[in-house]
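**Student:** Before we start, here is the structure in question, set down as structure tokens.
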Protein chains: 2
Amino acid sequence: MLTYDLSQRAQRTLYEYLYHCIKQDILDGTLSAGSRLPSKRELAKHHQVSLKTIENAYEQLLTEGYIYSEEKRGYYVSALDTDSGGRQARHQHHIPFSVYGSDTSSPSNAALAGSGAATAAASPFADFTANHAAARLFPYDTWARLIRGILSHGDHSLLQELPFQGLYALRVSIAKYLYGFRGMQVSPDQIVIGAGTEYLCGLLIQLLGRDRIYALEDPGYRNITERYRANDASFEYIRVDENGLCPKLLYESRASVVHVSPGHHFPTGSIMPVARRQALLEWAEEDAGRYIIEDDYDSEFRFSRRPIPAIQSLRHNHRVIYMNTFAKTLAPAIQLAYMVLPRKLTERCLSAAGGRPCTASALEQHALAAFLDNGYFERHIHRMKKLYRAKRDNMLKILEKSRLYPYVTIDEKDAGSHFLMHLNTALSDTELKWLARQNGVLLDCLSEYYAKDRAQRAHTIIVNYSDLEEADFQRALEILMLAV
Amino acid sequence: MLTYDLSQRAQRTLYEYLYHCIKQDILDGTLSAGSRLPSKRELAKHHQVSLKTIENAYEQLLTEGYIYSEEKRGYYVSALDTDSGGRQARHQHHIPFSVYGSDTSSPSNAALAGSGAATAAASPFADFTANHAAARLFPYDTWARLIRGILSHGDHSLLQELPFQGLYALRVSIAKYLYGFRGMQVSPDQIVIGAGTEYLCGLLIQLLGRDRIYALEDPGYRNITERYRANDASFEYIRVDENGLCPKLLYESRASVVHVSPGHHFPTGSIMPVARRQALLEWAEEDAGRYIIEDDYDSEFRFSRRPIPAIQSLRHNHRVIYMNTFAKTLAPAIQLAYMVLPRKLTERCLSAAGGRPCTASALEQHALAAFLDNGYFERHIHRMKKLYRAKRDNMLKILEKSRLYPYVTIDEKDAGSHFLMHLNTALSDTELKWLARQNGVLLDCLSEYYAKDRAQRAHTIIVNYSDLEEADFQRALEILMLAV
């Protein structure tokens with residue numbers, strides 16, 4: 001059994017320390033490629049720490065590719081040098097993957113650093129992982145004016161608690177918006193507003209039950225996995241291909257609820273064709289108690305095609321729960337999310353909620369209702385799409401003129417604020433990230449969003465361009481020449 | 001097995017309908033006193049409805065006293081006429097307990113209605129259950145001015161998401177407040193701000209684990225029980241006496257976490273003496289992993305004594321989680337709650353939260369920080385205490401002059417916005433509530449807050465006076481003469 005002295009962890013959290021220890025053992029060969037790690041439960045018991053701590057440590061190691069999981073068998077140490085075609089010798093250990101943590105000591109193999117010198121990582125000048133454009137482009141003055149207006153016309157009624165479902169006026173505005181832009185016919189009574197998607201997801205798991213199995217997309221947002229994990233709900237991963245989640249695979253799973261983003265999948269950008277949408281609905285119809293959670297969080301930003309109707313807008317939608325948030329489209333600080341429940345679930349939700357008040361800010365709900373009703377939201381989305389599109393075109397032009405161009409293939413450039421850039425490199429993703437980080441470029445790889453088969457998806461960089469300066473992108477492309 | 005035709009429920013929710021059916025069966029004698037109800041699980045399976053539905057129906061029946069529970073044995077039909085000393089005949093059924101729902105048809109025993117006529121319930125003129133004073137007394141103009149100021153001095157940084165723990169400036173303000181008013185030495189790093197206590201409680205259960213048993217106060221707020229139930233956490237009730245929760249009983253339970261309100265218990269108003277507080281801390285110390293959740297939600301409003309230091313302020317407090325909310329002291333629409341975690345738990349909390357943003361409104365967090373720092377909060381609390389105290393004195397004077405005075409005993413008049421009024425009556429609490437409701441007075445009885453031994457606590461009315469008009473109270477006391 002792996003045994004580490006937890007008292008040596010100094011300022012680190014338990015999970016960070018365990019992650020660090022296991023990583024070191026992998027890097028220095030104490031744990032060899034292919035060897036099996038103890039089960040999370042065993043290791044938790046052995047160190048008398050919570051299961052969560054071990055889960056977090058293993059998850060981090062998985063994410064960074066140090067270990068891999070085999071379903072129902074366990075966790076195994078990855079062969080760190082296979083991805084790079086045997087180019088690097090087995091003894092290349094002690095590589096400081098400085099992008100995670102403060103460990104910026106020099107690498108043992110200086111050639112990997114590109115610069116040829118064993119230096120500390122450069123301070124980052126380009127961050128391919130950032131996506132904060134929404135807040136920068138948000139019409140702050142309009143928003144502030146609306147809030148001022150509400151404060152002066154408002155009275156003490158603004159201070160009374162809102163019903164659990166949220167401000168009725170906002171629910172009407174959302175229903176109108178969904179009708180106009182997503183083709184959904186929804187009553188305000190079916191809408192529940194809450195303080196963020198994390199909260200609503202927890203509520204939904206309470207409502208549907210923790211004893212079910214939830215199907216999650218692979219690849220997909222790690223945040224979503226994290227929500228189910230935090231709520232002690234079991235889940236299985238279902239493969240996403242170029243047409244989104246594969247409904248056929250649902251039948252092979254034990255899941256009775258599927259969490260899916262058919263409108264615009266992150267990070268692949270796939271959009272689910274209607275045949276699959278119908279197949280999903282059929283799957284849901286076949287057994288009482290099956291549900292589809294349609295996570296529509298950034299469908300607003302697709303710009304190359306017409307918006308695709310939500311699954312919720314199709315016939316037989318009484319098994320569809322639609323979710324969206326304004327944190328993505330307005331500003332991250334505006335934690336207003338909502339879900340549209342089938343009527344039966346709405347009843348159960350309200351009965352379970354008892355007389356509890358709505359969690360989201362009343363003042364901001366008033367402001368958002370006015371923002372939607374006066375067409376500001378529509379204009380904001382329109383403006384953002386235009387800017388994203390122009391930015392994307394610029395970025396692609398810069399790429400075409402760069403020395404890196406012969407080595408890349410661009411995928412999914414119809415998405416709102418990112419594209420996928422496949423790089424013809426012999427480096428593993430871990431090495432690629434480290435190389436970039438050492439030279440001032442922060443990046444995420446597509447493989448990190450996969451739970452299974454991540455090796456097959458290697459060498460694809462997710463380029464979030466909405467926050468990137470053109471000159472910095474150009475410079476970053478030069479850096480990536482070190483990898484080809 | 002009880003069998004009802006659920007298709008007959010029309011507009012009612014499943015749980016309401018089941019509650020209604022079982023109630024009717026009890027009232028018309030189909031289910032006789034002392035007979036055992038099917039287990040919740042059996043009944044759920046039999047009707048193919050969720051366990052939650054049955055739980056809600058049974059809970060409502062428990063609350064209203066139609067059934068009672070015996071630990072580890074099950075649910076039994078109450079003897080409805082025993083409380084009233086056999087004064088009422090067994091055939092008194094079909095009593096419409098109109099306070100719950102729209103069923104306001106005439107009672108079969110008109111004498112009980114007081115008026116002597118079989119009439120529909122009067123529209124309520126006095127609501128002893130309401131407690132909305134905070135919003136009415138809240139300095140709205142000051143609050144609005146602070147928000148306007150933040151909007152004009154603020155910029156796009158207001159739109160960036162806040163870290164999971166919440167706005168640092170607000171955490172500093174809260175830490176200062178807790179130091180000054182609750183004797184607590186707390187670092188802002190230990191504070192987590194969230195959108196309401198319900199959300200924070202869910203977070204805490206995620207953190208501490210659903211596999212534990214939580215000890216809850218009996219009597220206590222049903223909302224608190226509901227939070228644990230919704231999060232699928234197991235709980236046991238621990239008796240509260242005139243000195244608060246009994247720590248000795250914790251040793252007889254399987255609980256490893258206790259949720260307790262030592263500062264001011266609702267509804268009994270008891271304040272836990274320091275010896276018991278220390279006993280609680282000792283209990284927590286005796287076993288690794290034990291925790292005390294100190295729910296301090298309205299300790300601000302005690303006016304007859306000096307504030308009592310929080311358990312968190314005692315030595316050896318590393319097992320104490322302190323929780324409080326501003327929804328009670330400011331306005332119900334301001335869903336800002338916070339908790340103070342021991343350092344180890346803070347680490348685990350942040351590690352589990354990953355990079356998730358804070359759920360509470362950023363704008364309101366900025367405003368609250370200014371509200372605290374400028375002394376407005378202190379002044380507001382001071383003003384409310386003064387008003388509550390004056391109101392209490394008036395109410396007690398009215399009571400002393402009333403015809404009802406010889407029949408009542410007043411308990412717990414040191415509490416902030418309610419007192420307990422024991423009535424010398426032969427009616428059961430269910431009958432008392434119904435009688436009052438028929439004549440326009442809404443009231444809650446102390447017994448409803450008990451999970452066990454509720455019969456022993458009969459005939460005590462909770463008088464929330466902060467929203468009551470003096471004249472209406474006077475009139476309500478006359479109505480209650482019908483019960484003595």
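Lettering and numbering for the structure tokens are positional, with chains as A, B, ... in the shown order, residues counted from 1 in each chain, and ligands counted from 1 in the shown order.
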Give me every strand (DSSP E or B) residue in segment 96-340 of chain B, going by DSSP on the backbone, as a PyMOL selection string.
**Tutor:** chain B and resi 126-127+191-194+213-218+234-241+244-245+257-260+291-295+320-325+337-340
**Student:** Sorted by chain and rising residue number, which residues of segment 356-378 of chain B lie within 8 Å of segment 148-162 of chain B, and what are their closest atom pairs and distances in Å to one decimal, counting only C-alpha atoms, as a Markdown table?
**Tutor:**
| residue | atom | partner | partner_atom | distance |
| --- | --- | --- | --- | --- |
| B:Pro357 | CA | B:Leu162 | CA | 5.6 |
| B:Cys358 | CA | B:Leu162 | CA | 5.6 |
| B:Ala362 | CA | B:Leu162 | CA | 6.9 |
| B:Leu363 | CA | B:Leu158 | CA | 7.0 |
| B:His366 | CA | B:Ile150 | CA | 7.3 |
| B:Ala367 | CA | B:Ile150 | CA | 7.2 |
**Student:** For chain A, list the residues within 7 Å of chain B, counting only C-alpha atoms, and write the list as a list of chain:residue names.
**Tutor:**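 Using only C-alpha atoms, chain A residues at most 7 Å from chain B: A:Thr13, A:Ala135, A:Arg136, A:Tyr140, A:Ala144, A:Arg148, A:Leu151, A:His156, A:Leu159, A:Gln160, A:Glu161, A:Leu162, A:Ala195, A:Gly196, A:Gln206, A:Ala230, A:Asn231, A:Ala331, A:Pro332, A:Ala333, A:Ile334, A:Gln335, A:Glu347, A:Thr359, A:Ala360, A:Ser361, A:Ala362.
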**Student:** Could you list, as a ChimeraX atom specification, every residue within 8 Å of Phe371 of chain B, counting only C-alpha atoms and ignoring same-chain residues fewer than 5 positions away?
**Tutor:** /B:143,146,376-377
**Student:** Counting only C-alpha atoms, which of B:Pro262, B:Tyr251, B:His46, B:Ile311 gets nearest to Glu286 of chain B?
**Tutor:**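 Ranked by minimum distance to Glu286 of chain B, first place goes to B:Tyr251.
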**Student:** Leaving out Glu285 of chain B and any residue of its chain fewer than 2 positions from it, which residues lie within 12 Å of it when counting only C-alpha atoms, given as a list in words?
**Tutor:** Ser256, Val257, Gln278, Ala279, Leu280, Leu281, Glu282, Trp283, Asp287, Ala288, Gly289, Arg290, Tyr291, Ile292, Arg315, His316, Asn317, His318, Arg319 and Val320 of chain B
**Student:** May I have all residues of segment 111-234 of chain B that DSSP, computed from the backbone, assigns to alpha helix (DSSP H), given as JSON, numbers by chain?
**Tutor:** {"B": [133, 134, 135, 136, 137, 140, 141, 142, 143, 144, 145, 146, 147, 148, 149, 150, 151, 152, 153, 168, 169, 170, 171, 172, 173, 174, 175, 176, 177, 178, 179, 180, 181, 182, 197, 198, 199, 200, 201, 202, 203, 204, 205, 206, 207, 208, 222, 223, 224, 225, 226, 227, 228, 229, 230]}
**Student:** Skip His47 of chain B itself and residues of its chain fewer than 2 positions away, then list as a list in words all residues within 10 Å of it, counting only C-alpha atoms.
**Tutor:**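 My list of contacting residues is Leu2, Thr3, Tyr4, Asp5, Leu6, Glu42, Leu43, Ala44, Lys45, Val49, Ser50 and Ile54 of chain B.
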**Student:** Let me make sure I understand: among B:Ile191, B:Phe473, B:Tyr214, B:Tyr68, which one has the smallest atom-to-atom distance to Leu396 of chain B if we use only C-alpha atoms?
**Tutor:**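 Among the listed residues, B:Phe473 lies closest to Leu396 of chain B.
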**Student:** Check the smallest atom-to-atom distance from each of A:Asp218, A:Asp295, A:Asp28, A:Asp411 to Gly269 of chain A using only C-alpha atoms, then report the winner.
**Tutor:**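 Checking each candidate against Gly269 of chain A, we get A:Asp411 as the closest.
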**Student:** Which of these, B:Arg182, B:His459, B:His382, B:Lys23, has the shortest distance to Leu432 of chain B once you count only C-alpha atoms?
**Tutor:**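 Result for the nearest residue to Leu432 of chain B: B:His459.
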**Student:** At a cut-off of 7 Å, using only C-alpha atoms, what residues contact Leu446 of chain A? Leave out same-chain residues fewer than 2 positions from it and give the result as a list in words.
**Tutor:** Asp444, Glu448, Tyr449, Arg457, Thr460, Ile461 and Ile462 of chain A
**Student:** Given the selection you just returned, output its residues as a file containing N, CA and C atoms, formatted as a tab-separated table (two decimals), in the first residue's frame.
**Tutor:**
chain	number	residue	atom	x	y	z
A	444	ASP	N	-5.00	24.33	-22.44
A	444	ASP	CA	-5.69	23.09	-22.09
A	444	ASP	C	-5.73	22.22	-23.33
A	448	GLU	N	-7.87	16.31	-21.95
A	448	GLU	CA	-8.20	16.50	-20.54
A	448	GLU	C	-9.69	16.43	-20.26
A	449	TYR	N	-10.48	16.62	-21.30
A	449	TYR	CA	-11.94	16.61	-21.13
A	449	TYR	C	-12.52	15.21	-21.33
A	457	ARG	N	-7.11	11.07	-28.29
A	457	ARG	CA	-7.46	12.46	-28.60
A	457	ARG	C	-6.29	13.40	-28.36
A	460	THR	N	-4.43	17.92	-29.33
A	460	THR	CA	-5.40	18.92	-29.75
A	460	THR	C	-5.53	19.99	-28.68
A	461	ILE	N	-5.24	21.21	-29.06
A	461	ILE	CA	-5.26	22.34	-28.12
A	461	ILE	C	-6.60	23.06	-28.23
A	462	ILE	N	-7.18	23.42	-27.09
A	462	ILE	CA	-8.41	24.22	-27.09
A	462	ILE	C	-8.00	25.69	-27.07
**Student:** Given only C-alpha atoms as the basis, pick out the residue of A:Val258, A:Ala57, A:Tyr450, A:Leu372 nearest to Asp241 of chain A.
**Tutor:**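 Between A:Val258, A:Ala57, A:Tyr450, A:Leu372, the residue approaching Asp241 of chain A most closely is A:Tyr450.
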